[in-house]
$ cat entry26.tsv   # TSV, C-alpha atoms
chain	number	residue	atom	x	y	z
A	1	MET	CA	18.17	50.19	-16.93
A	2	LYS	CA	16.05	51.29	-19.86
A	3	PHE	CA	15.64	54.57	-21.70
A	4	LEU	CA	12.29	56.01	-22.71
A	5	CYS	CA	11.74	58.65	-25.36
A	6	ILE	CA	9.14	60.72	-23.58
A	7	ASP	CA	7.90	62.50	-26.69
A	8	CYS	CA	7.28	59.24	-28.59
A	9	ASP	CA	6.55	57.02	-25.60
A	10	ARG	CA	8.91	54.44	-27.12
A	11	GLN	CA	11.66	52.47	-25.44
A	12	MET	CA	15.00	53.54	-26.88
A	13	VAL	CA	17.14	50.81	-28.41
A	14	PHE	CA	20.80	50.15	-27.78
A	15	GLU	CA	23.06	51.31	-30.60
A	16	GLU	CA	26.71	51.17	-29.62
A	17	ARG	CA	29.05	50.78	-26.68
A	18	GLN	CA	32.44	52.40	-26.26
A	19	LEU	CA	35.13	51.78	-23.68
A	20	PRO	CA	37.56	54.70	-23.77
A	21	GLY	CA	40.06	52.80	-21.63
A	22	ASP	CA	39.90	55.13	-18.63
A	23	GLY	CA	37.46	52.97	-16.72
A	24	THR	CA	34.42	54.80	-18.02
A	25	LEU	CA	31.79	53.50	-20.42
A	26	ALA	CA	29.65	55.18	-23.06
A	27	ALA	CA	26.55	53.55	-24.48
A	28	ALA	CA	24.36	55.13	-27.14
A	29	PHE	CA	20.62	54.57	-27.41
A	30	ARG	CA	18.25	55.75	-30.13
A	31	CYS	CA	14.50	56.22	-30.29
A	32	PRO	CA	13.14	53.91	-33.02
A	33	GLU	CA	10.35	56.39	-33.70
A	34	CYS	CA	11.97	59.83	-33.98
A	35	GLY	CA	15.63	58.86	-34.16
A	36	ARG	CA	16.70	60.97	-31.19
A	37	SER	CA	19.90	59.67	-29.60
A	38	VAL	CA	21.11	59.81	-26.04
A	39	ALA	CA	24.34	58.57	-24.51
A	40	MET	CA	24.66	56.96	-21.11
A	41	LEU	CA	28.04	57.80	-19.59
A	42	THR	CA	29.15	55.95	-16.50
A	43	ASN	CA	32.01	56.83	-14.18
A	44	PRO	CA	34.63	54.19	-13.26
A	45	MET	CA	32.81	53.12	-10.12
A	46	GLU	CA	29.50	52.70	-11.96
A	47	THR	CA	31.23	50.87	-14.81
A	48	GLN	CA	32.88	48.57	-12.32
A	49	LEU	CA	29.60	47.81	-10.60
A	50	VAL	CA	28.03	46.72	-13.90
A	51	ALA	CA	31.11	44.64	-14.75
A	52	SER	CA	30.95	43.05	-11.30
A	53	LEU	CA	27.56	41.60	-12.14
A	54	GLY	CA	29.04	39.77	-15.11
A	55	VAL	CA	26.65	41.39	-17.60
A	56	LYS	CA	27.36	43.33	-20.78
A	57	ILE	CA	25.53	46.51	-21.73
A	58	GLY	CA	24.32	45.94	-25.27
A	59	GLY	CA	24.47	42.18	-24.88
A	60	ARG	CA	27.26	39.68	-25.32
A	61	THR	CA	29.40	39.73	-28.44
A	62	VAL	CA	31.62	36.80	-27.41
A	63	PRO	CA	30.48	33.64	-25.61
A	64	ALA	CA	30.98	33.48	-21.85
A	65	GLN	CA	34.16	31.71	-20.81
A	66	PRO	CA	34.41	29.70	-17.61
A	67	MET	CA	35.68	31.76	-14.67
A	68	GLU	CA	35.29	34.94	-16.65
A	69	THR	CA	35.21	37.19	-13.60
A	70	VAL	CA	38.21	35.53	-12.01
A	71	ARG	CA	40.16	35.68	-15.26
A	72	GLY	CA	39.33	39.27	-16.01
A	73	MET	CA	39.12	40.98	-12.65
A	74	VAL	CA	41.56	39.34	-10.24
A	75	VAL	CA	44.91	41.15	-10.37
A	76	THR	CA	46.81	39.05	-7.83
A	77	GLY	CA	46.37	35.72	-9.55
A	78	LYS	CA	48.93	33.31	-10.93
A	79	ASP	CA	50.28	34.04	-14.38
A	80	ASN	CA	49.11	31.65	-17.07
A	81	ALA	CA	46.20	30.37	-15.01
A	82	PHE	CA	43.56	28.80	-17.23
A	83	VAL	CA	45.80	28.73	-20.31
A	84	GLU	CA	45.49	25.46	-22.18
A	85	ASP	CA	48.82	23.75	-22.73
A	86	GLY	CA	48.28	23.57	-26.47
A	87	LYS	CA	47.60	27.28	-26.73
A	88	ARG	CA	50.69	28.68	-25.09
A	89	GLU	CA	52.58	31.34	-26.98
A	90	THR	CA	54.61	29.96	-29.88
A	91	GLY	CA	56.15	33.19	-31.19
A	92	SER	CA	54.27	33.04	-34.48
A	93	GLY	CA	51.39	35.25	-35.57
A	94	PRO	CA	51.00	39.01	-35.80
A	95	THR	CA	53.76	41.26	-34.48
A	96	TRP	CA	53.15	43.84	-31.79
A	97	THR	CA	54.30	47.46	-31.97
A	98	ALA	CA	56.09	48.86	-28.94
A	99	GLU	CA	53.07	51.01	-28.12
A	100	ALA	CA	50.75	48.02	-28.29
A	101	GLN	CA	53.11	45.96	-26.13
A	102	GLU	CA	53.24	48.76	-23.59
A	103	ARG	CA	49.48	48.85	-23.48
A	104	LEU	CA	49.29	45.07	-23.17
A	105	ALA	CA	51.72	45.25	-20.27
A	106	ARG	CA	49.17	47.29	-18.34
A	107	VAL	CA	46.72	44.37	-18.46
A	108	PRO	CA	46.88	42.34	-15.22
A	109	GLY	CA	49.30	39.44	-15.56
A	110	PHE	CA	46.60	36.99	-14.51
A	111	VAL	CA	44.63	37.63	-17.68
A	112	ARG	CA	47.30	39.03	-19.99
A	113	GLY	CA	47.87	35.78	-21.85
A	114	MET	CA	44.21	35.39	-22.66
A	115	VAL	CA	43.89	39.02	-23.77
A	116	LYS	CA	46.96	38.74	-25.98
A	117	ARG	CA	45.55	35.63	-27.60
A	118	ILE	CA	42.20	37.32	-28.27
A	119	TYR	CA	43.89	40.29	-29.94
A	120	GLY	CA	46.14	37.92	-31.87
A	121	ASP	CA	43.20	35.87	-33.09
A	122	TYR	CA	41.35	39.05	-34.05
A	123	ALA	CA	44.30	40.27	-36.12
A	124	ARG	CA	44.95	36.87	-37.68
A	125	ASP	CA	41.29	36.44	-38.70
A	126	ARG	CA	41.41	39.78	-40.49
A	127	GLY	CA	44.82	39.39	-42.08
A	128	ILE	CA	46.35	42.10	-39.91
A	129	ALA	CA	50.11	41.58	-39.66
A	130	GLU	CA	50.87	44.16	-36.99
A	131	ILE	CA	48.91	44.88	-33.83
A	132	THR	CA	48.85	48.56	-32.95
A	133	PRO	CA	46.85	50.46	-30.32
A	134	ALA	CA	44.36	51.31	-33.09
A	135	VAL	CA	43.90	47.62	-33.85
A	136	MET	CA	43.39	46.98	-30.13
A	137	ASP	CA	40.75	49.72	-30.01
A	138	ALA	CA	38.96	48.27	-32.99
A	139	ALA	CA	39.03	44.78	-31.50
A	140	LYS	CA	37.89	46.08	-28.14
A	141	SER	CA	34.92	47.82	-29.71
A	142	GLU	CA	33.97	44.98	-32.05
A	143	LEU	CA	34.38	42.16	-29.58
A	144	GLY	CA	33.08	43.98	-26.53
A	145	LEU	CA	36.24	43.37	-24.52
A	146	GLU	CA	35.36	45.23	-21.36
A	147	GLY	CA	38.38	47.06	-20.05
A	148	MET	CA	40.91	44.99	-21.97
B	1	MET	CA	12.99	88.81	-12.38
B	2	GLU	CA	11.69	86.07	-10.18
B	3	ARG	CA	11.31	82.71	-11.87
B	4	ILE	CA	8.19	80.72	-11.26
B	5	PHE	CA	8.55	76.95	-11.34
B	6	VAL	CA	5.45	74.91	-11.96
B	7	HIS	CA	5.61	71.24	-10.99
B	8	VAL	CA	4.28	69.10	-13.83
B	9	PRO	CA	3.73	65.45	-12.91
B	10	LEU	CA	5.90	63.11	-14.98
B	11	ASN	CA	3.18	61.05	-16.57
B	12	ILE	CA	5.26	58.40	-18.30
B	13	ARG	CA	5.55	54.64	-18.38
B	14	THR	CA	7.95	53.25	-15.81
B	15	TYR	CA	10.53	50.42	-15.92
B	16	ASN	CA	8.19	47.47	-15.66
B	17	ASP	CA	5.82	49.01	-18.21
B	18	LEU	CA	8.49	48.84	-20.91
B	19	THR	CA	8.40	45.42	-22.46
B	20	GLU	CA	9.88	46.05	-25.90
B	21	PRO	CA	12.76	43.76	-26.91
B	22	ASP	CA	16.02	44.96	-25.37
B	23	ARG	CA	19.34	44.11	-27.00
B	24	SER	CA	21.19	44.30	-23.69
B	25	GLY	CA	18.84	41.75	-22.14
B	26	LEU	CA	20.38	42.23	-18.71
B	27	ALA	CA	17.68	40.21	-16.99
B	28	GLU	CA	18.23	37.41	-19.49
B	29	GLN	CA	21.99	37.55	-18.90
B	30	ILE	CA	21.41	37.17	-15.16
B	31	GLY	CA	18.96	34.37	-15.87
B	32	ALA	CA	21.55	32.59	-17.99
B	33	GLN	CA	24.07	32.83	-15.14
B	34	ARG	CA	21.58	31.22	-12.76
B	35	ARG	CA	20.77	28.45	-15.22
B	36	ARG	CA	24.46	27.71	-15.54
B	37	VAL	CA	24.66	27.19	-11.78
B	38	ALA	CA	21.50	25.07	-11.76
B	39	ASP	CA	22.77	22.90	-14.62
B	40	ARG	CA	26.08	22.24	-12.84
B	41	MET	CA	24.41	21.53	-9.51
B	42	ALA	CA	21.93	19.12	-11.09
B	43	ALA	CA	24.57	16.39	-10.79
B	44	VAL	CA	25.20	17.10	-7.10
B	45	ARG	CA	22.97	15.18	-4.70
B	46	HIS	CA	23.58	17.27	-1.57
B	47	VAL	CA	24.96	20.79	-1.21
B	48	VAL	CA	25.97	21.33	2.41
B	49	ALA	CA	26.94	24.77	3.68
B	50	VAL	CA	29.34	24.60	6.61
B	51	LEU	CA	28.76	27.72	8.68
B	52	SER	CA	28.96	29.16	12.13
B	53	GLY	CA	28.82	32.92	11.89
B	54	LYS	CA	31.83	32.89	14.22
B	55	GLY	CA	35.47	32.99	13.22
B	56	GLY	CA	38.08	30.64	14.64
B	57	VAL	CA	35.84	27.69	15.45
B	58	GLY	CA	37.43	25.41	12.88
B	59	LYS	CA	34.91	25.39	10.03
B	60	SER	CA	37.52	24.73	7.38
B	61	TYR	CA	39.18	22.06	9.50
B	62	VAL	CA	35.86	20.29	10.06
B	63	THR	CA	34.85	20.70	6.42
B	64	ALA	CA	38.06	19.22	5.09
B	65	HIS	CA	38.16	16.27	7.45
B	66	VAL	CA	34.51	15.40	6.93
B	67	ALA	CA	35.11	15.57	3.17
B	68	ARG	CA	38.12	13.29	3.47
B	69	ALA	CA	36.14	10.82	5.56
B	70	LEU	CA	33.33	10.85	3.02
B	71	GLY	CA	35.90	10.31	0.29
B	72	ARG	CA	37.41	7.34	2.16
B	73	SER	CA	33.95	5.81	2.38
B	74	GLY	CA	33.65	5.91	-1.39
B	75	ARG	CA	31.42	8.95	-1.78
B	76	GLY	CA	31.91	11.48	-4.52
B	77	VAL	CA	32.83	14.66	-2.67
B	78	GLY	CA	33.77	18.19	-3.60
B	79	VAL	CA	34.67	21.17	-1.44
B	80	LEU	CA	34.06	24.73	-2.54
B	81	ASP	CA	36.25	27.08	-0.51
B	82	ALA	CA	33.99	30.11	-0.19
B	83	ASP	CA	36.44	31.88	2.11
B	84	LEU	CA	37.85	33.89	-0.78
B	85	ASN	CA	40.04	36.09	1.40
B	86	GLY	CA	41.43	33.40	3.68
B	87	PRO	CA	41.45	30.20	1.63
B	88	THR	CA	42.86	27.11	3.33
B	89	ILE	CA	40.97	24.13	1.92
B	90	PRO	CA	43.51	22.73	-0.61
B	91	ARG	CA	46.20	22.42	2.05
B	92	LEU	CA	43.76	20.73	4.44
B	93	LEU	CA	42.74	18.29	1.71
B	94	ASP	CA	46.32	17.58	0.70
B	95	ALA	CA	45.53	18.91	-2.75
B	96	PRO	CA	48.36	20.40	-4.80
B	97	VAL	CA	48.40	24.20	-4.74
B	98	ALA	CA	51.29	24.58	-7.15
B	99	GLY	CA	50.60	25.10	-10.84
B	100	ALA	CA	47.43	26.65	-12.09
B	101	PRO	CA	43.96	25.38	-13.02
B	102	ARG	CA	43.48	24.30	-16.61
B	103	PRO	CA	40.35	24.30	-18.75
B	104	ALA	CA	38.71	20.89	-18.56
B	105	HIS	CA	35.93	21.47	-21.06
B	106	PRO	CA	34.82	24.49	-23.06
B	107	ASP	CA	32.58	25.52	-20.21
B	108	ALA	CA	34.51	24.45	-17.13
B	109	ILE	CA	37.90	24.24	-15.48
B	110	GLU	CA	39.35	21.20	-13.77
B	111	ALA	CA	39.03	21.01	-9.98
B	112	ALA	CA	42.09	20.17	-7.88
B	113	THR	CA	41.95	16.74	-6.26
B	114	GLY	CA	43.06	15.79	-2.78
B	115	ALA	CA	44.47	12.53	-1.45
B	116	GLU	CA	41.10	10.85	-0.93
B	117	GLY	CA	39.81	11.94	-4.32
B	118	VAL	CA	38.06	14.98	-2.91
B	119	LYS	CA	37.69	17.65	-5.57
B	120	CYS	CA	38.13	21.28	-4.60
B	121	ILE	CA	38.21	24.81	-5.86
B	122	SER	CA	39.72	27.63	-3.87
B	123	MET	CA	41.30	31.01	-4.34
B	124	ALA	CA	44.40	29.37	-2.85
B	125	LEU	CA	44.75	27.58	-6.20
B	126	LEU	CA	44.45	30.78	-8.18
B	127	LEU	CA	46.35	33.45	-6.26
B	128	ARG	CA	50.07	34.02	-6.35
B	129	ASP	CA	51.80	32.85	-3.19
B	130	GLY	CA	51.28	35.22	-0.30
B	131	MET	CA	49.12	37.62	-2.29
B	132	PRO	CA	45.72	38.80	-1.07
B	133	LEU	CA	42.68	38.67	-3.32
B	134	GLY	CA	42.88	41.90	-5.30
B	135	PHE	CA	40.47	43.06	-7.98
B	136	ARG	CA	41.01	45.38	-10.88
B	137	GLY	CA	38.92	48.52	-10.47
B	138	PRO	CA	38.81	52.07	-9.16
B	139	ASP	CA	40.44	52.54	-5.79
B	140	SER	CA	37.79	54.80	-4.37
B	141	GLU	CA	34.58	53.40	-2.94
B	142	SER	CA	35.58	49.82	-3.63
B	143	PHE	CA	33.12	48.75	-0.95
B	144	VAL	CA	30.37	49.47	-3.49
B	145	TRP	CA	31.49	46.85	-5.99
B	146	ARG	CA	33.77	44.44	-4.15
B	147	GLY	CA	30.90	42.46	-2.64
B	148	ALA	CA	29.32	42.03	-6.06
B	149	LEU	CA	32.61	40.76	-7.45
B	150	GLU	CA	33.06	38.26	-4.64
B	151	ALA	CA	29.52	37.00	-5.27
B	152	ALA	CA	30.42	36.62	-8.94
B	153	VAL	CA	33.48	34.55	-8.00
B	154	LEU	CA	31.29	32.34	-5.82
B	155	ARG	CA	28.90	31.91	-8.76
B	156	GLU	CA	31.77	30.88	-11.02
B	157	PHE	CA	33.08	28.44	-8.41
B	158	LEU	CA	29.65	26.78	-8.46
B	159	ALA	CA	28.99	26.92	-12.19
B	160	ASP	CA	32.34	26.84	-13.95
B	161	VAL	CA	34.14	23.94	-12.24
B	162	ALA	CA	33.86	20.43	-13.69
B	163	TRP	CA	32.45	18.99	-10.49
B	164	GLY	CA	30.87	16.04	-12.23
B	165	ALA	CA	28.47	13.80	-10.34
B	166	LEU	CA	28.94	14.26	-6.59
B	167	ASP	CA	27.21	12.86	-3.55
B	168	PHE	CA	28.24	15.90	-1.52
B	169	LEU	CA	29.45	19.39	-2.31
B	170	LEU	CA	30.57	20.98	0.95
B	171	VAL	CA	30.75	24.77	0.90
B	172	ASP	CA	33.20	26.12	3.45
B	173	LEU	CA	31.88	29.55	4.37
B	174	PRO	CA	33.84	32.41	5.95
B	175	PRO	CA	32.69	33.97	9.24
B	176	GLY	CA	29.58	36.12	8.99
B	177	MET	CA	26.49	35.49	6.91
B	178	GLN	CA	27.03	37.54	3.76
B	179	ARG	CA	28.52	34.70	1.72
B	180	PHE	CA	25.74	32.37	2.88
B	181	ALA	CA	23.13	34.89	1.66
B	182	GLU	CA	24.88	34.97	-1.70
B	183	LEU	CA	24.96	31.17	-1.82
B	184	ILE	CA	21.23	30.97	-1.15
B	185	GLU	CA	20.59	33.49	-3.94
B	186	LEU	CA	22.66	31.52	-6.43
B	187	LEU	CA	21.52	27.98	-5.76
B	188	PRO	CA	18.28	26.69	-7.26
B	189	THR	CA	17.25	25.31	-3.86
B	190	PRO	CA	18.52	26.22	-0.37
B	191	PRO	CA	21.42	24.07	0.86
B	192	ALA	CA	21.53	22.03	4.00
B	193	ALA	CA	23.51	23.67	6.80
B	194	LEU	CA	26.11	22.00	8.98
B	195	ILE	CA	26.64	24.19	12.03
B	196	VAL	CA	30.04	24.38	13.71
B	197	THR	CA	30.62	25.82	17.16
B	198	ILE	CA	33.06	25.57	20.01
B	199	PRO	CA	31.75	24.95	23.53
B	200	THR	CA	31.79	28.56	24.75
B	201	PRO	CA	28.71	30.72	25.38
B	202	GLU	CA	30.27	33.45	23.22
B	203	SER	CA	30.36	31.07	20.29
B	204	ALA	CA	26.79	29.98	21.00
B	205	ASP	CA	25.67	33.61	20.78
B	206	ALA	CA	27.22	34.13	17.35
B	207	VAL	CA	26.17	30.75	16.02
B	208	ARG	CA	22.60	31.24	17.22
B	209	ARG	CA	22.26	34.39	15.08
B	210	ALA	CA	23.78	32.69	12.05
B	211	LEU	CA	21.64	29.59	12.43
B	212	ARG	CA	18.48	31.66	12.77
B	213	ALA	CA	19.40	33.62	9.64
B	214	ALA	CA	20.09	30.40	7.75
B	215	LEU	CA	16.73	28.92	8.72
B	216	GLU	CA	14.95	32.14	7.79
B	217	HIS	CA	16.56	31.85	4.36
B	218	GLY	CA	15.07	28.40	3.93
B	219	ALA	CA	18.07	26.24	4.80
B	220	THR	CA	17.64	22.92	6.56
B	221	ALA	CA	19.92	22.45	9.58
B	222	LEU	CA	21.54	19.02	9.59
B	223	GLY	CA	22.83	19.51	13.12
B	224	VAL	CA	25.59	20.93	15.26
B	225	VAL	CA	29.24	19.93	15.37
B	226	GLU	CA	31.03	20.98	18.54
B	227	ASN	CA	34.71	21.41	17.84
B	228	MET	CA	37.69	21.73	20.23
B	229	VAL	CA	35.98	19.76	22.98
B	230	GLY	CA	37.98	18.74	26.04
B	231	GLY	CA	40.41	21.61	25.92
B	232	PRO	CA	40.45	25.00	27.59
B	233	PHE	CA	37.02	26.01	26.30
B	234	ALA	CA	34.16	25.44	28.70
B	235	GLY	CA	30.45	25.51	28.07
B	236	SER	CA	27.53	23.67	26.55
B	237	ALA	CA	27.05	25.54	23.27
B	238	ALA	CA	26.18	22.52	21.18
B	239	ASP	CA	23.61	21.15	23.62
B	240	ASP	CA	22.09	24.60	24.11
B	241	LEU	CA	21.75	25.20	20.36
B	242	ALA	CA	20.46	21.70	19.71
B	243	ALA	CA	17.75	22.09	22.34
B	244	GLU	CA	16.81	25.55	21.22
B	245	PHE	CA	16.46	24.69	17.52
B	246	GLY	CA	15.39	21.05	17.83
B	247	ILE	CA	18.37	19.72	15.89
B	248	PRO	CA	20.86	16.97	16.75
B	249	VAL	CA	24.42	17.29	18.00
B	250	LEU	CA	26.14	15.37	15.22
B	251	ALA	CA	29.60	15.14	16.75
B	252	ARG	CA	31.88	16.43	19.45
B	253	ILE	CA	35.34	16.78	18.02
B	254	PRO	CA	38.17	16.47	20.57
B	255	TRP	CA	41.46	18.32	20.32
B	256	HIS	CA	43.10	15.31	18.82
B	257	PRO	CA	40.47	13.60	16.67
B	258	THR	CA	41.08	10.21	15.09
B	259	PRO	CA	39.92	8.98	11.69
B	260	ASP	CA	37.06	7.26	13.53
B	261	THR	CA	35.88	10.62	14.81
B	262	TRP	CA	35.49	11.90	11.28
B	263	ALA	CA	34.08	8.65	9.97
B	264	GLY	CA	31.38	8.83	12.64
B	265	LEU	CA	30.46	12.36	11.63
B	266	ALA	CA	30.53	11.51	7.93
B	267	GLY	CA	28.25	8.56	8.59
B	268	ARG	CA	25.67	10.83	10.14
B	269	LEU	CA	25.50	13.00	7.03
B	270	GLY	CA	24.00	10.15	5.06

$ encode --input "entry26.tsv" --output "structure tokens"
Amino acid sequence: MKFLCIDCDRQMVFEERQLPGDGTLAAAFRCPECGRSVAMLTNPMETQLVASLGVKIGGRTVPAQPMETVRGMVVTGKDNAFVEDGKRETGSGPTWTAEAQERLARVPGFVRGMVKRIYGDYARDRGIAEITPAVMDAAKSELGLEGM
Amino acid sequence: MERIFVHVPLNIRTYNDLTEPDRSGLAEQIGAQRRRVADRMAAVRHVVAVLSGKGGVGKSYVTAHVARALGRSGRGVGVLDADLNGPTIPRLLDAPVAGAPRPAHPDAIEAATGAEGVKCISMALLLRDGMPLGFRGPDSESFVWRGALEAAVLREFLADVAWGALDFLLVDLPPGMQRFAELIELLPTPPAALIVTIPTPESADAVRRALRAALEHGATALGVVENMVGGPFAGSAADDLAAEFGIPVLARIPWHPTPDTWAGLAGRLG
């Protein structure tokens, strides 16, 4: 899909994507000529349909991983599938608040290990000692972690 | 006061008129997915879709035993279990279903390997025991997106498994033709089709429709395999289909086939 600023006859450019965590998606577009902004808001079913195609609105912010759809979307899969032996949890790294752990627990078990590692790497890279829901939101927005 | 609406034609550029750079690049993302499949399949000499359009004729059984026979003859063989909701291939190949797949390379996971060295990927390797294939997503209207997700899984099975160089990649399709249509869309060139039927006229009816659809999609039919011959099923489905479509009957598989039965069929695949 594309957005056209009718007044300027210019294609609007993608600005930002937000995932509120309720299955919906918000994406902002701006006219490069007049600066007018619009937001595309999709309901959970529409968001899911886009995710099902394996594409990212606004482009990719992290490289594609093998079996990305299976890892991220299958909820009845084996725990720890696809986790490299050398990257299993060691107990070190940032700590998780109870609220963040509760939120992590809502991630399907099949992909939970991978998601936890991504958040952990994000915090470690930025010197963040404690992972909170706010840190998860920031990571989700920055890294484009659809629905994680 | 009565409102008067005047219809003003919307005189604007439409989708294909807009060619400015687009950060989302959705078409490019789809293109990259297809290239990933093409790159992986470049090392596979023959992709063979095993199909019938009919359930219960033994497609998976035939697929697995042909693969094992090909493996015994020294060919490099892989089996992609495209029956995502009823996966059986690993068990039929004697491949371990315990444990979980591991990354093999940055861009691929390791396939499971059966007794004759046949590589395979299957949802049976990925799902918890006894669990159906379930996807995260809204409960309502799942029919809208579930098909797209299953096609994405098929794409990843093709592109994201370290198949390596293979002589044959057999794709075990579920009943119906939807998964075959997805396979055709994903592959750079249409696969060959190995048609499986049982002797009955009812099976011939279903297989005829599937075979016609496969040919219309550009597939090449290798021939017909008639399974469960010599038992309670009566009819001449394989001969009828072969005559109608001008293709050979590659094998008639009895109720109790021997290794020679499968070796004969494997030999006819090349």

$ residues_around --input "entry26.tsv" --residues "Asp107 in chain B" --least-positions-apart "2" --cutoff "12 Å" --atoms "all atoms listed in the file" --output "ChimeraX atom specification"
/A:63-68,82 /B:36-37,39-40,102-105,109-110,156,159-163

$ closest_residue --input "entry26.tsv" --among "B:Asp239, B:Glu28, B:Asp205, B:Glu182" --to "Val225 in chain B" --atoms "all atoms listed in the file"
B:Asp239

$ atom_distance --input "entry26.tsv" --atom1 "CA of Leu187 in chain B" --atom2 "CA of Gly218 in chain B"
11.6 Å

$ closest_atom_pairs --input "entry26.tsv" --of "chain B" --to "chain A" --cutoff "7 Å" --atoms "all atoms listed in the file" --output "CSV"
residue,atom,partner,partner_atom,distance
B:Ile12,CA,A:Ile6,CA,7.0
B:Tyr15,CA,A:Lys2,CA,6.8
B:Leu18,CA,A:Gln11,CA,6.6
B:Glu20,CA,A:Gln11,CA,6.7
B:Asp22,CA,A:Val13,CA,6.7
B:Arg23,CA,A:Gly58,CA,5.6
B:Ser24,CA,A:Gly58,CA,3.9
B:Gly25,CA,A:Gly59,CA,6.3
B:Leu26,CA,A:Val55,CA,6.4
B:Gln29,CA,A:Val55,CA,6.2
B:Ala100,CA,A:Ala81,CA,4.9
B:Pro101,CA,A:Phe82,CA,5.4
B:Arg102,CA,A:Phe82,CA,4.5
B:Pro103,CA,A:Phe82,CA,5.7
B:Asp107,CA,A:Pro66,CA,5.3
B:Ala108,CA,A:Pro66,CA,5.3
B:Ile109,CA,A:Pro66,CA,6.8
B:Leu126,CA,A:Gly77,CA,5.5
B:Leu127,CA,A:Gly77,CA,4.0
B:Arg128,CA,A:Lys78,CA,4.8
B:Met131,CA,A:Thr76,CA,6.2
B:Pro132,CA,A:Thr76,CA,6.9
B:Leu133,CA,A:Thr76,CA,6.1
B:Gly134,CA,A:Thr76,CA,5.5
B:Phe135,CA,A:Val74,CA,4.5
B:Arg136,CA,A:Met73,CA,5.1
B:Gly137,CA,A:Gln48,CA,6.3
B:Pro138,CA,A:Met45,CA,6.2
B:Trp145,CA,A:Leu49,CA,5.1
B:Ala148,CA,A:Ser52,CA,5.6
B:Leu149,CA,A:Ser52,CA,4.8
B:Ala152,CA,A:Leu53,CA,6.6
B:Val153,CA,A:Val70,CA,6.3
B:Glu156,CA,A:Met67,CA,5.4
B:Asp160,CA,A:Pro66,CA,5.1

$ write_last_selection --input "entry26.tsv" --atoms "C-alpha atoms" --output "CSV table (one decimal), keeping the file's coordinate frame"
chain,number,residue,atom,x,y,z
B,12,ILE,CA,5.3,58.4,-18.3
B,15,TYR,CA,10.5,50.4,-15.9
B,18,LEU,CA,8.5,48.8,-20.9
B,20,GLU,CA,9.9,46.0,-25.9
B,22,ASP,CA,16.0,45.0,-25.4
B,23,ARG,CA,19.3,44.1,-27.0
B,24,SER,CA,21.2,44.3,-23.7
B,25,GLY,CA,18.8,41.8,-22.1
B,26,LEU,CA,20.4,42.2,-18.7
B,29,GLN,CA,22.0,37.6,-18.9
B,100,ALA,CA,47.4,26.6,-12.1
B,101,PRO,CA,44.0,25.4,-13.0
B,102,ARG,CA,43.5,24.3,-16.6
B,103,PRO,CA,40.4,24.3,-18.8
B,107,ASP,CA,32.6,25.5,-20.2
B,108,ALA,CA,34.5,24.4,-17.1
B,109,ILE,CA,37.9,24.2,-15.5
B,126,LEU,CA,44.4,30.8,-8.2
B,127,LEU,CA,46.4,33.4,-6.3
B,128,ARG,CA,50.1,34.0,-6.4
B,131,MET,CA,49.1,37.6,-2.3
B,132,PRO,CA,45.7,38.8,-1.1
B,133,LEU,CA,42.7,38.7,-3.3
B,134,GLY,CA,42.9,41.9,-5.3
B,135,PHE,CA,40.5,43.1,-8.0
B,136,ARG,CA,41.0,45.4,-10.9
B,137,GLY,CA,38.9,48.5,-10.5
B,138,PRO,CA,38.8,52.1,-9.2
B,145,TRP,CA,31.5,46.8,-6.0
B,148,ALA,CA,29.3,42.0,-6.1
B,149,LEU,CA,32.6,40.8,-7.4
B,152,ALA,CA,30.4,36.6,-8.9
B,153,VAL,CA,33.5,34.6,-8.0
B,156,GLU,CA,31.8,30.9,-11.0
B,160,ASP,CA,32.3,26.8,-14.0

$ residues_around --input "entry26.tsv" --residues "range 260-263 of chain B" --least-positions-apart "3" --cutoff "12 Å" --atoms "only C-alpha atoms" --output "PyMOL selection string"
chain B and resi 61-74+225+227+250-257+266-270

$ write_last_selection --input "entry26.tsv" --atoms "C-alpha atoms" --output "CSV table (one decimal), keeping the file's coordinate frame"
chain,number,residue,atom,x,y,z
B,61,TYR,CA,39.2,22.1,9.5
B,62,VAL,CA,35.9,20.3,10.1
B,63,THR,CA,34.8,20.7,6.4
B,64,ALA,CA,38.1,19.2,5.1
B,65,HIS,CA,38.2,16.3,7.4
B,66,VAL,CA,34.5,15.4,6.9
B,67,ALA,CA,35.1,15.6,3.2
B,68,ARG,CA,38.1,13.3,3.5
B,69,ALA,CA,36.1,10.8,5.6
B,70,LEU,CA,33.3,10.8,3.0
B,71,GLY,CA,35.9,10.3,0.3
B,72,ARG,CA,37.4,7.3,2.2
B,73,SER,CA,34.0,5.8,2.4
B,74,GLY,CA,33.6,5.9,-1.4
B,225,VAL,CA,29.2,19.9,15.4
B,227,ASN,CA,34.7,21.4,17.8
B,250,LEU,CA,26.1,15.4,15.2
B,251,ALA,CA,29.6,15.1,16.8
B,252,ARG,CA,31.9,16.4,19.4
B,253,ILE,CA,35.3,16.8,18.0
B,254,PRO,CA,38.2,16.5,20.6
B,255,TRP,CA,41.5,18.3,20.3
B,256,HIS,CA,43.1,15.3,18.8
B,257,PRO,CA,40.5,13.6,16.7
B,266,ALA,CA,30.5,11.5,7.9
B,267,GLY,CA,28.2,8.6,8.6
B,268,ARG,CA,25.7,10.8,10.1
B,269,LEU,CA,25.5,13.0,7.0
B,270,GLY,CA,24.0,10.2,5.1

$ closest_residue --input "entry26.tsv" --among "A:Ala98, A:Arg126, A:Lys116, A:Glu16" --to "Ser37 in chain A" --atoms "all atoms listed in the file"
A:Glu16

$ atom_distance --input "entry26.tsv" --atom1 "CA of Pro175 in chain B" --atom2 "CA of Glu150 in chain B"
14.5 Å
